[in-house]
Amino acid sequence: MNDSDSDQIWQCRNRVFRLAGAKRSGEAWTAERPLIMGILNVTPDSFSDGGRYHDKNRAVEHGLQMVQDGVDIIDVGGESTRPGAVPVSLDNELERVVPVVEALGRREDIVLSVDTMKSEVAERALASGAHIINDVSALSADPRMADVAKVYGAGVILMHKRGDARTMQAQALYDDVVREVRDYLIARVDYAERLGLARPTLAIDPGIGFGKTAGHSVSLLAHLSALRTCGRPIVVGLSRKAFIGQMTGRGVEDRDAGTLGALAFCLGEGAQILRVHDVKAARDVVQVLSALRKEKCRVESC
């Protein structure tokens, strides 16, 4: 694998994101800026907004607000994956996720992702209009997940983590966290391709905070550009996470400024999809940085 233009294309069913480029023509989408993925947790126990959108109507209302705020993708999750979270049953996760995806999926202008490790949840969400599977296990938790993704031609996000929600922090042991995460993601991309998934459907996520100390998360973000050797779009989910709290001394609800600072840095290191709680603020960061880069390139004839 190498760092080429191939990592600028992300195929998610009938949506094609060309990440070097924000026009829309029919079913083809391009973005002249990084994409904003809005977090929609329909759970009672997520670390930042658990319980806030557990009700279907409130969840749908929040999703529509994110559309008004300029979101590119809405990521719907029905099971918290924070450290220490308790797993939920298949029936509970379906009950939480599917009605929200069905309601939002009626809108042709909304691109939906489902944050799940269960193939049946992914399958039901895709049948209801979702375009992307955000699998924090990188296809390791459910042997059917790759087949479901292949049938639908779904976009797939492969994330690095160790262990499960109950054990991951005990496994936060690395000799070189950047190299080990990079090598893991390269291997998972290769594995997904061997299972028959098309390379352009794949994106990668270093899994900030998943089986990593605050120091590990900082190292990964500081050297995020190393992941470009994976040859796939880079998703970063760092919104309000613990390492920001340790840096700033702020509680979860007061970490948005720190989040925006980290996101701005990551954009300079090659992040292409930003998974965030505050869509409006993240969109402002992206628009300002994109305008400044465009002007710099115009003057310097990039």
# chains A, B, ... in the order shown; residues from 1 in each chain; ligands from 1
$ residues_around --residues "Gln68 in chain A" --least-positions-apart "5" --cutoff "10 Å" --atoms "only C-alpha atoms" --output "PyMOL selection string"
chain A and resi 62-63+279-280
$ write_last_selection --atoms "C-alpha atoms" --output "short mmCIF file (atom, residue, chain, number, x, y, z; two decimals), in the first residue's frame"
data_model
loop_
_atom_site.label_atom_id
_atom_site.label_comp_id
_atom_site.auth_asym_id
_atom_site.auth_seq_id
_atom_site.Cartn_x
_atom_site.Cartn_y
_atom_site.Cartn_z
CA HIS A 62 -31.42 15.91 16.97
CA GLY A 63 -30.44 14.18 13.74
CA VAL A 279 -21.48 19.55 14.40
CA LYS A 280 -21.90 23.31 14.02
#
$ residues_around --residues "Ala138 in chain A" --least-positions-apart "6" --cutoff "10 Å" --atoms "only C-alpha atoms" --output "list of chain:residue names"
A:Met117, A:Met145, A:Ala146, A:Val156, A:Ile157, A:Leu158, A:Met159, A:His160, A:Lys161, A:Tyr184, A:Leu185, A:Arg188, A:Val189, A:Tyr191, A:Ala192, A:Ile204, A:Asp205
$ atom_distance --atom1 "CA of Leu267 in chain A" --atom2 "CA of Ser217 in chain A"
15.8 Å
$ select_by_dssp --residues "range 28-263 of chain A" --states "strand (DSSP E)" --output "PyMOL selection string"
chain A and resi 28-30+35-41+73-77+111-115+132-135+155-159+202-205+235-237
$ atom_distance --atom1 "CA of Cys230 in chain A" --atom2 "CA of Gln272 in chain A"
13.3 Å
$ closest_residue --among "A:Arg250, A:Lys150, A:Arg298, A:Arg240" --to "Asp278 in chain A" --atoms "only C-alpha atoms"
A:Arg240
$ atom_distance --atom1 "CA of Gly209 in chain A" --atom2 "CA of Thr81 in chain A"
10.5 Å
$ closest_residue --among "A:Asn57, A:Gly207, A:Gly258, A:Glu95" --to "Ala172 in chain A" --atoms "only C-alpha atoms"
A:Gly207
$ closest_residue --among "A:Met247, A:Ile132, A:Val100, A:Ala198" --to "Leu64 in chain A" --atoms "only C-alpha atoms"
A:Val100
$ residues_around --residues "Val121 in chain A" --least-positions-apart "4" --cutoff "8 Å" --atoms "only C-alpha atoms" --output "PDB file with C-alpha atoms, in the first residue's frame"
ATOM      1  CA  LEU A  90     -29.302  -7.833  20.130  1.00  0.00           C
ATOM      2  CA  GLU A  93     -29.814  -2.651  20.177  1.00  0.00           C
ATOM      3  CA  LEU A  94     -32.232  -3.271  17.308  1.00  0.00           C
ATOM      4  CA  VAL A  97     -31.261   1.826  16.377  1.00  0.00           C
ATOM      5  CA  VAL A  98     -33.633   0.666  13.661  1.00  0.00           C
ATOM      6  CA  THR A 116     -22.382  -1.531  15.729  1.00  0.00           C
ATOM      7  CA  ALA A 125     -29.943  -0.587   9.423  1.00  0.00           C
TER       8      ALA A 125
END
